[in-house]
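*Asks:* Okay, here's the structure, questions in a sec.
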Amino acid sequence: MATSIILNQLLIFGILVVIGSLASWRKIITPELRDNLSRIVIDITLPFLIFSTFANTSMSGELLRNSLLIFVLAYVNLFFLYLLGSLSSRIIGLKGAQKVVHTLHTMFGNIVFLAFPLLDALFPGGMGIFYGAIYQLASNSVTFTYGLIKLSAGTQKSGWRSLFNANFIALVLGTIVLITNVKMPQPMMIAFEGLGKCTGPLSMVYIGAMLAGLNIRKAITNSSVYLLSFNKLLLGPVVLATAYFFGLKLLGIEISKTAFYVLILQAAMPCQTIIVVLSHRYNSDYPLAGSNLFVSTILSIFTLPIIYLFLDWLHV
């Protein structure tokens, strides 16, 4: 049942991506409009999705325990993927900016534009989005500190200010509402939820518009992107899922099925779009970053169902 949901959702995403690509090719979505669309998703619709999800969730001891586990293990995910990216870049002889982009793209996945819509579909009721937001907080804390320093070759200081964005504010306000159990006015919540639901479709249209602007021939002929995609989409998530499943059992630590799936699916997402943007801004190897984004996003259509099936098999 869940596998059919993920396949159906990926088909819907594919249709929306094609629409975004066609709109870009027809110049309906210009580069400027594409960038503004990204800001609308990140600064408007996603914060309202996060806030409304938290506001509609009931606090419990289990929820708090799972949230803390997600937050801590998200850093474990990133550290393991960092080691995997560093090792693979050394094996294929990548150096300088290429090594940096390869390693960072192994670490960071598309947890905003792809993961949130997918988690919302897979786990109705808001739990997928709730745990996804916790994971995003941990991921962003590394992206805008370590990631920013590496991509700028040390010319930029740690971007702590970037952490205090609309999503962080939405998470904090949502947490306050969750803890205090304050009931928001119904018209306000309906408006907030409506905006939040726009996140999925707008994200897919944005991805389509971004992919349409990449050099496809150059992207698919770069051998390093396939090793990266294998590590990011299959090897890393499988190793992490297996280690967590048996390791947490051995330690007597309980984690809910939803939280466990979110933790692994976030690690299995294709390459992060913000790395492409930052690579371009700081004159790093942005063509390689674009190739990583294109190939890993296309391949994730096939790998995400595989990872989900693996999680189902592991959890039986």
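Ordering of the structure tokens sets the chain letters (A, B, ...); residue numbers start at 1 within each chain; ligands are numbered from 1 in the order shown.
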I'd like the neighbourhood of stretch 217-231 of chain A as an NGL selection string, where a residue qualifies if any of its atoms comes within 9 Å (using only C-alpha atoms), though same-chain residues fewer than 2 positions away should be ignored.

*Replies:* :A and (81 or 84-85 or 88-89 or 92 or 94 or 102-103 or 105-106 or 214-215 or 233-237 or 270-271 or 287-288 or 290-297 or 299-300)

*Asks:* Write out, as a tab-separated table, each residue of stretch 101-194 of chain A that has an atom at most 8 Å from stretch 54-61 of chain A, together with the closest pair of atoms and their distance in Å to one decimal, counting only C-alpha atoms, rows going by chain and rising number.

*Replies:*
residue	atom	partner	partner_atom	distance
A:Gly126	CA	A:Thr57	CA	7.4
A:Phe130	CA	A:Phe54	CA	6.5
A:Leu171	CA	A:Phe54	CA	7.6
A:Gly174	CA	A:Phe54	CA	4.9
A:Thr175	CA	A:Phe54	CA	6.4
A:Val177	CA	A:Ala55	CA	5.7
A:Leu178	CA	A:Ala55	CA	5.6
A:Ile179	CA	A:Met59	CA	6.5
A:Asn181	CA	A:Ser58	CA	7.7
A:Lys183	CA	A:Ala55	CA	7.9
A:Met184	CA	A:Ala55	CA	7.8

*Asks:* With C-alpha atoms retained, write the just-selected residues as a tab-separated table (two decimals), in the first residue's frame.

*Replies:*
chain	number	residue	atom	x	y	z
A	126	GLY	CA	1.50	15.87	9.86
A	130	PHE	CA	6.93	17.43	11.92
A	171	LEU	CA	9.44	26.09	13.94
A	174	GLY	CA	4.94	26.25	16.20
A	175	THR	CA	6.78	24.66	19.12
A	177	VAL	CA	1.88	26.69	20.28
A	178	LEU	CA	2.47	22.93	20.59
A	179	ILE	CA	3.80	23.16	24.16
A	181	ASN	CA	-1.64	23.99	23.56
A	183	LYS	CA	-5.88	27.04	19.95
A	184	MET	CA	-5.48	29.30	16.94

*Asks:* Just want the 8 Å neighbourhood of stretch 29-44 of chain A, counted on only C-alpha atoms, with same-chain residues fewer than 6 positions away dropped. Output as a VMD selection string.

*Replies:* chain A and resid 20 23 112 165 to 167 195 199 202 to 203 206 209 to 210

*Asks:* Generate the output file for the selected residues, C-alpha atoms, as a tab-separated table (two decimals), in the first residue's frame.

*Replies:*
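Result went into out_24.tsv, see below:
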chain	number	residue	atom	x	y	z
A	20	GLY	CA	7.91	23.46	-14.69
A	23	ALA	CA	7.21	26.66	-18.59
A	112	VAL	CA	12.85	21.11	1.23
A	165	ASN	CA	15.17	32.46	8.74
A	166	ALA	CA	11.42	32.15	8.22
A	167	ASN	CA	11.49	28.37	8.65
A	195	LEU	CA	-0.63	28.34	2.00
A	199	THR	CA	4.59	23.92	-0.99
A	202	LEU	CA	5.36	24.91	-6.28
A	203	SER	CA	8.46	22.95	-5.23
A	206	TYR	CA	10.66	24.98	-9.34
A	209	ALA	CA	12.41	24.95	-14.10
A	210	MET	CA	15.85	24.53	-12.55

*Asks:* Looking at A:Val239, A:Val100, A:Leu49, A:Met189, which one is nearest to A:Tyr146, with distances taken over only C-alpha atoms?

*Replies:*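 Between A:Val239, A:Val100, A:Leu49, A:Met189, the residue approaching A:Tyr146 most closely is A:Val100.
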
*Asks:* May I ask for the distance between atom CA of A:Leu104 and atom CA of A:Ile275, given in Å to one decimal place?

*Replies:*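 Separation between atom CA of A:Leu104 and atom CA of A:Ile275: 7.6 Å.
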
*Asks:* Measure the distance from atom CA of A:Cys198 to atom CA of A:Asn77 in Å and round it to one decimal.

*Replies:* 28.8 Å

*Asks:* Within 7 Å of A:Phe48, counting only C-alpha atoms, which residues show up once you throw out same-chain ones fewer than 4 positions away? Write them as a ChimeraX atom specification, please.

*Replies:* /A:44,52,170,192-193,195-196

*Asks:* Could you make a table, as a Markdown table, of the residues of stretch 31-123 of chain A that have an atom within 9 Å of an atom of stretch 132-143 of chain A, each with its nearest atom pair and distance in Å to one decimal, counting only C-alpha atoms, in chain and number order?

*Replies:*
| residue | atom | partner | partner_atom | distance |
| --- | --- | --- | --- | --- |
| A:Ile50 | CA | A:Ala133 | CA | 6.8 |
| A:Ser67 | CA | A:Ile134 | CA | 6.7 |
| A:Leu68 | CA | A:Ile134 | CA | 8.4 |
| A:Ile70 | CA | A:Tyr135 | CA | 6.2 |
| A:Phe71 | CA | A:Tyr135 | CA | 5.7 |
| A:Val72 | CA | A:Ala138 | CA | 8.0 |
| A:Leu73 | CA | A:Tyr135 | CA | 8.7 |
| A:Ala74 | CA | A:Tyr135 | CA | 5.9 |
| A:Tyr75 | CA | A:Ala138 | CA | 6.7 |
| A:Leu78 | CA | A:Ser139 | CA | 7.6 |
| A:Leu104 | CA | A:Thr143 | CA | 8.5 |
| A:Phe108 | CA | A:Ser139 | CA | 7.3 |
| A:Ile111 | CA | A:Gln136 | CA | 6.9 |
| A:Val112 | CA | A:Gln136 | CA | 7.9 |
| A:Ala115 | CA | A:Gly132 | CA | 7.8 |
| A:Phe116 | CA | A:Gly132 | CA | 6.7 |
| A:Leu119 | CA | A:Gly132 | CA | 7.5 |

*Asks:* Save out the residues we just selected, C-alpha atoms, as an mmCIF file, in the first residue's frame.

*Replies:*
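File written: part-v7.cif
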data_model
loop_
_atom_site.group_PDB
_atom_site.id
_atom_site.type_symbol
_atom_site.label_atom_id
_atom_site.label_comp_id
_atom_site.auth_asym_id
_atom_site.auth_seq_id
_atom_site.Cartn_x
_atom_site.Cartn_y
_atom_site.Cartn_z
ATOM 1 C CA ILE A 50 5.725 23.840 9.307
ATOM 2 C CA SER A 67 12.098 14.496 18.011
ATOM 3 C CA LEU A 68 15.295 14.482 20.073
ATOM 4 C CA ILE A 70 15.780 12.706 14.936
ATOM 5 C CA PHE A 71 17.741 15.845 15.806
ATOM 6 C CA VAL A 72 20.755 13.962 17.187
ATOM 7 C CA LEU A 73 20.804 11.229 14.553
ATOM 8 C CA ALA A 74 20.517 13.795 11.767
ATOM 9 C CA TYR A 75 24.053 14.885 12.682
ATOM 10 C CA LEU A 78 25.557 14.015 7.963
ATOM 11 C CA LEU A 104 28.774 18.390 0.287
ATOM 12 C CA PHE A 108 23.027 17.260 1.957
ATOM 13 C CA ILE A 111 14.925 18.026 2.103
ATOM 14 C CA VAL A 112 12.848 21.110 1.230
ATOM 15 C CA ALA A 115 11.352 15.562 0.951
ATOM 16 C CA PHE A 116 8.640 17.723 2.532
ATOM 17 C CA LEU A 119 6.773 13.019 3.592
#

*Asks:* Hey, which of A:Met204, A:Leu64, A:Leu22, A:Leu211 ends up closest to A:Leu118? Count only C-alpha atoms.

*Replies:*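 Looking at the shortest contact to A:Leu118, the residue is A:Met204.
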